[in-house]
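Below is data-v5.csv, holding CSV, C-alpha atoms.
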```csv
chain,number,residue,atom,x,y,z
A,21,MET,CA,65.4,-48.7,-24.5
A,22,THR,CA,62.6,-46.6,-26.0
A,23,ALA,CA,60.5,-44.0,-24.2
A,24,GLN,CA,57.2,-43.0,-25.7
A,25,ILE,CA,55.8,-39.7,-24.3
A,26,PHE,CA,52.2,-38.6,-25.1
A,27,VAL,CA,51.2,-35.0,-24.5
A,28,THR,CA,47.6,-33.9,-24.7
A,29,LEU,CA,45.5,-31.0,-23.6
A,30,LYS,CA,43.8,-31.6,-20.2
A,31,LYS,CA,40.2,-32.8,-20.5
A,32,THR,CA,39.0,-29.5,-19.0
A,33,VAL,CA,40.8,-27.5,-21.7
A,34,LEU,CA,39.0,-26.8,-25.0
A,35,ASP,CA,40.7,-28.4,-28.0
A,36,PRO,CA,39.5,-26.4,-31.0
A,37,GLN,CA,41.9,-28.3,-33.3
A,38,GLY,CA,40.4,-31.6,-32.2
A,39,GLN,CA,36.9,-30.3,-32.6
A,40,THR,CA,37.6,-29.2,-36.1
A,41,ILE,CA,39.0,-32.6,-37.0
A,42,GLN,CA,36.0,-34.3,-35.5
A,43,ARG,CA,33.5,-32.2,-37.5
A,44,ALA,CA,35.5,-32.8,-40.7
A,45,LEU,CA,35.5,-36.5,-40.1
A,46,ASN,CA,31.8,-36.6,-39.2
A,47,SER,CA,31.0,-34.8,-42.4
A,48,MET,CA,33.1,-37.3,-44.3
A,49,GLY,CA,30.9,-40.2,-43.4
A,50,HIS,CA,32.2,-41.1,-39.9
A,51,PRO,CA,29.2,-40.4,-37.6
A,52,GLU,CA,30.6,-42.9,-35.1
A,53,ILE,CA,33.3,-40.4,-34.0
A,54,ALA,CA,32.1,-38.7,-30.8
A,55,SER,CA,35.3,-36.7,-30.0
A,56,VAL,CA,38.8,-36.2,-31.2
A,57,ARG,CA,41.7,-34.8,-29.2
A,58,GLN,CA,45.0,-34.1,-30.8
A,59,GLY,CA,48.3,-34.2,-29.1
A,60,LYS,CA,52.0,-34.6,-29.5
A,61,TYR,CA,53.9,-37.8,-29.5
A,62,PHE,CA,57.7,-38.2,-28.8
A,63,GLU,CA,59.6,-41.4,-29.5
A,64,ILE,CA,62.9,-41.2,-27.6
A,65,GLU,CA,65.7,-43.8,-27.9
A,66,LEU,CA,67.8,-44.1,-24.8
A,67,THR,CA,71.2,-45.7,-24.4
A,68,ASP,CA,73.4,-46.6,-21.4
A,69,VAL,CA,70.8,-46.0,-18.7
A,70,ASP,CA,68.9,-48.4,-16.4
A,71,ARG,CA,65.1,-48.6,-16.4
A,72,ALA,CA,64.5,-46.9,-13.1
A,73,THR,CA,66.7,-43.9,-14.0
A,74,ALA,CA,65.1,-43.7,-17.4
A,75,GLU,CA,61.6,-43.6,-16.0
A,76,ALA,CA,62.4,-40.9,-13.6
A,77,ALA,CA,64.3,-38.8,-16.1
A,78,MET,CA,61.6,-39.1,-18.8
A,79,ALA,CA,58.8,-38.2,-16.4
A,80,LYS,CA,60.8,-35.1,-15.3
A,81,LEU,CA,61.6,-34.2,-18.9
A,82,ALA,CA,57.9,-34.5,-20.0
A,83,GLU,CA,56.8,-32.3,-17.2
A,84,ASP,CA,59.5,-29.7,-17.4
A,85,VAL,CA,60.2,-29.4,-21.1
A,86,LEU,CA,57.9,-31.3,-23.4
A,87,SER,CA,54.6,-30.2,-21.9
A,88,ASN,CA,53.0,-27.2,-20.5
A,89,PRO,CA,51.6,-28.4,-17.2
A,90,VAL,CA,49.1,-25.6,-16.9
A,91,ILE,CA,47.1,-26.8,-19.8
A,92,GLU,CA,48.6,-30.2,-20.8
A,93,GLU,CA,48.9,-33.6,-19.3
A,94,PHE,CA,51.4,-36.3,-20.3
A,95,ARG,CA,51.9,-40.1,-20.2
A,96,VAL,CA,55.2,-41.9,-20.4
A,97,GLU,CA,55.7,-45.5,-21.5
A,98,ILE,CA,59.1,-47.2,-21.4
A,99,THR,CA,59.7,-50.3,-23.5
A,100,GLY,CA,62.5,-52.5,-24.5
B,13,MET,CA,35.6,-47.4,-27.4
B,14,THR,CA,38.7,-45.3,-27.9
B,15,ALA,CA,41.1,-45.3,-30.8
B,16,GLN,CA,44.6,-44.0,-30.4
B,17,ILE,CA,46.4,-43.2,-33.7
B,18,PHE,CA,50.1,-42.4,-33.8
B,19,VAL,CA,51.6,-40.8,-36.9
B,20,THR,CA,55.3,-40.4,-37.2
B,21,LEU,CA,57.7,-39.7,-40.1
B,22,LYS,CA,59.1,-42.9,-41.7
B,23,LYS,CA,62.5,-44.0,-40.3
B,24,THR,CA,64.0,-43.2,-43.7
B,25,VAL,CA,62.8,-39.6,-43.6
B,26,LEU,CA,64.9,-36.9,-41.9
B,27,ASP,CA,63.2,-35.5,-38.9
B,28,PRO,CA,64.8,-32.1,-38.3
B,29,GLN,CA,62.4,-31.2,-35.5
B,30,GLY,CA,63.2,-34.3,-33.6
B,31,GLN,CA,67.0,-33.7,-34.1
B,32,THR,CA,66.6,-30.2,-32.8
B,33,ILE,CA,64.8,-31.5,-29.7
B,34,GLN,CA,67.4,-34.2,-29.2
B,35,ARG,CA,70.3,-31.7,-29.3
B,36,ALA,CA,68.5,-29.4,-26.9
B,37,LEU,CA,67.9,-32.2,-24.5
B,38,ASN,CA,71.5,-33.5,-24.8
B,39,SER,CA,72.8,-30.0,-24.0
B,40,MET,CA,70.4,-29.8,-21.0
B,41,GLY,CA,72.1,-32.7,-19.3
B,42,HIS,CA,70.5,-35.8,-20.9
B,43,PRO,CA,73.4,-37.5,-22.7
B,44,GLU,CA,71.5,-40.8,-22.6
B,45,ILE,CA,69.1,-39.6,-25.3
B,46,ALA,CA,70.3,-41.1,-28.6
B,47,SER,CA,67.4,-39.9,-30.9
B,48,VAL,CA,64.1,-38.2,-30.7
B,49,ARG,CA,61.3,-38.5,-33.3
B,50,GLN,CA,58.3,-36.3,-33.0
B,51,GLY,CA,54.9,-37.2,-34.3
B,52,LYS,CA,51.2,-36.6,-34.0
B,53,TYR,CA,48.8,-38.3,-31.6
B,54,PHE,CA,45.0,-38.6,-32.0
B,55,GLU,CA,42.7,-39.8,-29.3
B,56,ILE,CA,39.3,-40.6,-30.9
B,57,GLU,CA,36.2,-41.6,-29.0
B,58,LEU,CA,33.8,-43.9,-30.9
B,59,THR,CA,30.2,-44.7,-30.2
B,60,ASP,CA,27.7,-47.2,-31.6
B,61,VAL,CA,30.2,-49.3,-33.5
B,62,ASP,CA,31.6,-52.8,-33.1
B,63,ARG,CA,35.3,-53.4,-32.7
B,64,ALA,CA,36.0,-55.0,-36.1
B,65,THR,CA,34.3,-52.1,-38.0
B,66,ALA,CA,36.1,-49.6,-35.8
B,67,GLU,CA,39.5,-51.2,-36.5
B,68,ALA,CA,38.9,-51.1,-40.3
B,69,ALA,CA,37.5,-47.6,-40.3
B,70,MET,CA,40.3,-46.1,-38.1
B,71,ALA,CA,43.1,-47.8,-40.2
B,72,LYS,CA,41.5,-46.3,-43.4
B,73,LEU,CA,41.1,-42.9,-41.7
B,74,ALA,CA,44.7,-42.9,-40.6
B,75,GLU,CA,46.0,-43.8,-44.0
B,76,ASP,CA,43.7,-41.5,-46.0
B,77,VAL,CA,43.3,-38.4,-43.9
B,78,LEU,CA,45.4,-38.2,-40.8
B,79,SER,CA,48.8,-39.2,-42.3
B,80,ASN,CA,50.7,-38.5,-45.5
B,81,PRO,CA,51.6,-42.1,-46.6
B,82,VAL,CA,54.5,-40.8,-48.8
B,83,ILE,CA,56.5,-39.7,-45.8
B,84,GLU,CA,54.6,-40.9,-42.7
B,85,GLU,CA,53.7,-44.1,-41.1
B,86,PHE,CA,50.9,-44.7,-38.5
B,87,ARG,CA,49.9,-47.1,-35.8
B,88,VAL,CA,46.3,-47.7,-34.6
B,89,GLU,CA,45.3,-49.0,-31.1
B,90,ILE,CA,41.7,-49.6,-30.1
B,91,THR,CA,40.9,-50.0,-26.4
B,92,GLY,CA,37.8,-50.2,-24.3
```
Here is a file; write its structure as C-alpha coordinates.
Amino acid sequence: MTAQIFVTLKKTVLDPQGQTIQRALNSMGHPEIASVRQGKYFEIELTDVDRATAEAAMAKLAEDVLSNPVIEEFRVEITG
Amino acid sequence: MTAQIFVTLKKTVLDPQGQTIQRALNSMGHPEIASVRQGKYFEIELTDVDRATAEAAMAKLAEDVLSNPVIEEFRVEITG
(Lines of atoms letter the chains of each structure in order from A and count residues from 1; the text may use other names and numbers.)
(Lines give C-alpha, C1' and ligand atoms only; values in the text may rest on other atoms or scores of the structure.)
Protein backbone atom coordinates (compact mmCIF):
# COMPACT_ATOMS: atom_id res chain seq x y z
CA MET A 1 0.00 0.00 0.00
CA THR A 2 1.26 3.50 -0.77
CA ALA A 3 0.38 6.69 1.06
CA GLN A 4 0.93 10.02 -0.62
CA ILE A 5 1.02 13.02 1.70
CA PHE A 6 0.98 16.57 0.35
CA VAL A 7 1.88 19.43 2.69
CA THR A 8 1.36 23.03 1.57
CA LEU A 9 1.20 26.39 3.27
CA LYS A 10 -2.34 27.43 4.16
CA LYS A 11 -4.00 29.70 1.58
CA THR A 12 -3.94 32.54 4.10
CA VAL A 13 -0.18 32.26 4.63
CA LEU A 14 2.16 34.17 2.32
CA ASP A 15 4.33 31.85 0.19
CA PRO A 16 7.32 33.94 -0.91
CA GLN A 17 9.07 30.93 -2.46
CA GLY A 18 6.02 30.25 -4.63
CA GLN A 19 5.75 33.93 -5.60
CA THR A 20 9.39 33.97 -6.65
CA ILE A 21 8.89 30.87 -8.80
CA GLN A 22 5.76 32.44 -10.32
CA ARG A 23 7.54 35.67 -11.28
CA ALA A 24 10.46 33.72 -12.72
CA LEU A 25 8.13 31.58 -14.83
CA ASN A 26 6.11 34.63 -15.98
CA SER A 27 9.32 36.30 -17.15
CA MET A 28 10.36 33.10 -18.95
CA GLY A 29 7.38 33.29 -21.27
CA HIS A 30 4.59 31.73 -19.21
CA PRO A 31 2.07 34.57 -18.72
CA GLU A 32 -0.71 32.00 -18.16
CA ILE A 33 0.66 31.17 -14.70
CA ALA A 34 -1.44 33.08 -12.16
CA SER A 35 0.00 31.63 -8.96
CA VAL A 36 2.42 29.01 -7.73
CA ARG A 37 2.45 27.42 -4.30
CA GLN A 38 5.26 25.11 -3.37
CA GLY A 39 4.95 22.30 -0.90
CA LYS A 40 6.36 19.01 0.28
CA TYR A 41 5.45 15.60 -1.02
CA PHE A 42 5.97 12.30 0.82
CA GLU A 43 5.56 8.90 -0.81
CA ILE A 44 5.31 6.27 1.94
CA GLU A 45 5.30 2.50 1.33
CA LEU A 46 3.31 0.56 3.93
CA THR A 47 3.37 -3.16 4.68
CA ASP A 48 1.32 -5.46 6.91
CA VAL A 49 -1.43 -2.97 7.65
CA ASP A 50 -5.07 -2.75 6.65
CA ARG A 51 -6.48 0.24 4.83
CA ALA A 52 -8.49 1.76 7.68
CA THR A 53 -5.56 1.59 10.10
CA ALA A 54 -3.24 3.05 7.45
CA GLU A 55 -5.60 5.96 6.75
CA ALA A 56 -5.86 6.85 10.44
CA ALA A 57 -2.13 6.42 11.07
CA MET A 58 -1.09 8.51 8.05
CA ALA A 59 -3.49 11.35 8.87
CA LYS A 60 -2.15 11.48 12.43
CA LEU A 61 1.44 11.32 11.18
CA ALA A 62 0.85 14.13 8.70
CA GLU A 63 -0.68 16.32 11.37
CA ASP A 64 1.77 15.55 14.19
CA VAL A 65 5.08 15.13 12.42
CA LEU A 66 5.17 15.99 8.72
CA SER A 67 3.39 19.34 8.83
CA ASN A 68 3.21 22.39 11.04
CA PRO A 69 -0.54 22.78 11.60
CA VAL A 70 -0.17 26.44 12.54
CA ILE A 71 0.82 27.46 9.01
CA GLU A 72 0.46 24.33 6.88
CA GLU A 73 -2.34 22.08 5.69
CA PHE A 74 -2.04 18.54 4.38
CA ARG A 75 -3.84 16.00 2.23
CA VAL A 76 -3.43 12.22 2.42
CA GLU A 77 -4.15 9.75 -0.40
CA ILE A 78 -3.85 5.99 0.07
CA THR A 79 -3.55 3.80 -3.04
CA GLY A 80 -2.88 0.16 -3.84
CA MET B 1 -7.31 25.32 -14.26
CA THR B 2 -4.85 23.89 -11.76
CA ALA B 3 -1.69 21.95 -12.52
CA GLN B 4 -0.12 19.79 -9.85
CA ILE B 5 3.50 18.83 -10.44
CA PHE B 6 5.23 16.21 -8.30
CA VAL B 7 9.01 15.92 -8.45
CA THR B 8 10.76 12.99 -6.76
CA LEU B 9 14.19 11.43 -6.94
CA LYS B 10 14.36 8.53 -9.38
CA LYS B 11 13.90 5.11 -7.79
CA THR B 12 17.52 4.28 -8.59
CA VAL B 13 18.85 7.35 -6.76
CA LEU B 14 19.53 7.12 -3.04
CA ASP B 15 17.23 9.35 -0.98
CA PRO B 16 19.02 9.90 2.36
CA GLN B 17 16.43 12.44 3.51
CA GLY B 18 13.64 9.91 2.96
CA GLN B 19 15.61 7.18 4.73
CA THR B 20 16.16 9.43 7.73
CA ILE B 21 12.44 10.20 7.91
CA GLN B 22 11.65 6.48 7.59
CA ARG B 23 13.96 5.51 10.47
CA ALA B 24 12.61 8.30 12.64
CA LEU B 25 9.01 7.20 11.99
CA ASN B 26 9.89 3.51 12.58
CA SER B 27 11.38 4.43 15.95
CA MET B 28 8.29 6.51 16.80
CA GLY B 29 6.07 3.43 16.69
CA HIS B 30 5.33 3.07 12.98
CA PRO B 31 6.89 -0.30 12.05
CA GLU B 32 4.49 -0.56 9.07
CA ILE B 33 6.44 2.09 7.16
CA ALA B 34 8.73 0.28 4.71
CA SER B 35 10.09 3.27 2.83
CA VAL B 36 9.71 7.03 2.54
CA ARG B 37 10.69 9.17 -0.42
CA GLN B 38 10.46 12.91 -0.16
CA GLY B 39 9.85 15.20 -3.06
CA LYS B 40 8.64 18.61 -4.12
CA TYR B 41 5.09 19.57 -4.91
CA PHE B 42 4.00 22.55 -7.02
CA GLU B 43 0.40 23.76 -7.27
CA ILE B 44 0.11 26.08 -10.26
CA GLU B 45 -2.99 28.14 -11.11
CA LEU B 46 -3.42 28.74 -14.84
CA THR B 47 -5.63 31.28 -16.60
CA ASP B 48 -6.57 31.92 -20.23
CA VAL B 49 -5.20 28.69 -21.59
CA ASP B 50 -6.78 25.58 -23.06
CA ARG B 51 -6.19 22.15 -21.59
CA ALA B 52 -3.98 20.72 -24.35
CA THR B 53 -1.70 23.76 -24.33
CA ALA B 54 -1.54 23.67 -20.53
CA GLU B 55 -0.59 19.99 -20.49
CA ALA B 56 2.22 20.49 -22.98
CA ALA B 57 3.48 23.68 -21.30
CA MET B 58 3.46 22.16 -17.80
CA ALA B 59 5.27 18.98 -18.89
CA LYS B 60 7.95 21.07 -20.57
CA LEU B 61 8.21 23.35 -17.53
CA ALA B 62 8.54 20.39 -15.16
CA GLU B 63 11.27 18.87 -17.27
CA ASP B 64 13.22 22.05 -18.04
CA VAL B 65 12.89 24.10 -14.88
CA LEU B 66 11.26 22.42 -11.91
CA SER B 67 13.18 19.14 -11.94
CA ASN B 68 16.69 17.92 -12.60
CA PRO B 69 16.13 15.16 -15.18
CA VAL B 70 19.48 13.54 -14.37
CA ILE B 71 18.36 12.44 -10.91
CA GLU B 72 14.68 13.35 -10.66
CA GLU B 73 11.43 12.28 -12.28
CA PHE B 74 8.16 14.20 -12.37
CA ARG B 75 4.44 13.71 -12.79
CA VAL B 76 1.94 16.34 -13.96
CA GLU B 77 -1.80 16.35 -13.21
CA ILE B 78 -4.14 18.97 -14.64
CA THR B 79 -7.53 19.46 -12.98
CA GLY B 80 -10.43 21.88 -13.23
Hey, what's within 7 Å of Glu84 of chain B if we count all atoms listed in the file and toss same-chain stuff fewer than 4 positions away? As an NGL selection string, please? :B and (19-22 or 79-80)
With chain B as the partner and 6 Å as the cut-off, tabulate the residues of chain A that qualify, each row holding the nearest pair of atoms and their distance in Å to one decimal, using only C-alpha atoms, sorted by chain and rising number, as CSV.
```
residue,atom,partner,partner_atom,distance
A:Glu52,CA,B:Thr59,CA,5.2
A:Ile53,CA,B:Leu58,CA,4.7
A:Ala54,CA,B:Glu57,CA,5.3
A:Ser55,CA,B:Glu57,CA,5.1
A:Val56,CA,B:Ile56,CA,4.4
A:Arg57,CA,B:Glu55,CA,5.1
A:Gln58,CA,B:Phe54,CA,4.7
A:Gly59,CA,B:Tyr53,CA,4.8
A:Lys60,CA,B:Lys52,CA,5.0
A:Tyr61,CA,B:Gly51,CA,4.9
A:Phe62,CA,B:Gln50,CA,4.6
A:Glu63,CA,B:Arg49,CA,5.1
A:Ile64,CA,B:Val48,CA,4.5
A:Glu65,CA,B:Ser47,CA,5.2
A:Leu66,CA,B:Ile45,CA,4.7
A:Thr67,CA,B:Glu44,CA,5.2
```
Residue subset to file, keeping C-alpha atoms, as an mmCIF file, in the frame of the given file:
```cif
data_model
loop_
_atom_site.group_PDB
_atom_site.id
_atom_site.type_symbol
_atom_site.label_atom_id
_atom_site.label_comp_id
_atom_site.auth_asym_id
_atom_site.auth_seq_id
_atom_site.Cartn_x
_atom_site.Cartn_y
_atom_site.Cartn_z
ATOM 1 C CA GLU A 52 30.600 -42.900 -35.100
ATOM 2 C CA ILE A 53 33.300 -40.400 -34.000
ATOM 3 C CA ALA A 54 32.100 -38.700 -30.800
ATOM 4 C CA SER A 55 35.300 -36.700 -30.000
ATOM 5 C CA VAL A 56 38.800 -36.200 -31.200
ATOM 6 C CA ARG A 57 41.700 -34.800 -29.200
ATOM 7 C CA GLN A 58 45.000 -34.100 -30.800
ATOM 8 C CA GLY A 59 48.300 -34.200 -29.100
ATOM 9 C CA LYS A 60 52.000 -34.600 -29.500
ATOM 10 C CA TYR A 61 53.900 -37.800 -29.500
ATOM 11 C CA PHE A 62 57.700 -38.200 -28.800
ATOM 12 C CA GLU A 63 59.600 -41.400 -29.500
ATOM 13 C CA ILE A 64 62.900 -41.200 -27.600
ATOM 14 C CA GLU A 65 65.700 -43.800 -27.900
ATOM 15 C CA LEU A 66 67.800 -44.100 -24.800
ATOM 16 C CA THR A 67 71.200 -45.700 -24.400
#
```
Around (41.5, -52.5, -28.8) in the file's frame, which residues reach within 6 Å when counting all atoms listed in the file? Return as a PyMOL selection string? chain B and resi 89-91
d(atom CA of Gln39 of chain A, atom CA of Ile91 of chain A) in Å: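 We find that atom CA of Gln39 of chain A and atom CA of Ile91 of chain A lie 16.7 Å from each other.
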d(atom CA of Ala79 of chain A, atom CA of Arg95 of chain A) in Å: 8.1 Å
Please report the interatomic distance between atom CA of Pro28 of chain B and atom CA of Ala74 of chain B in Å with one decimal.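 Going from atom CA of Pro28 of chain B over to atom CA of Ala74 of chain B covers 22.9 Å.
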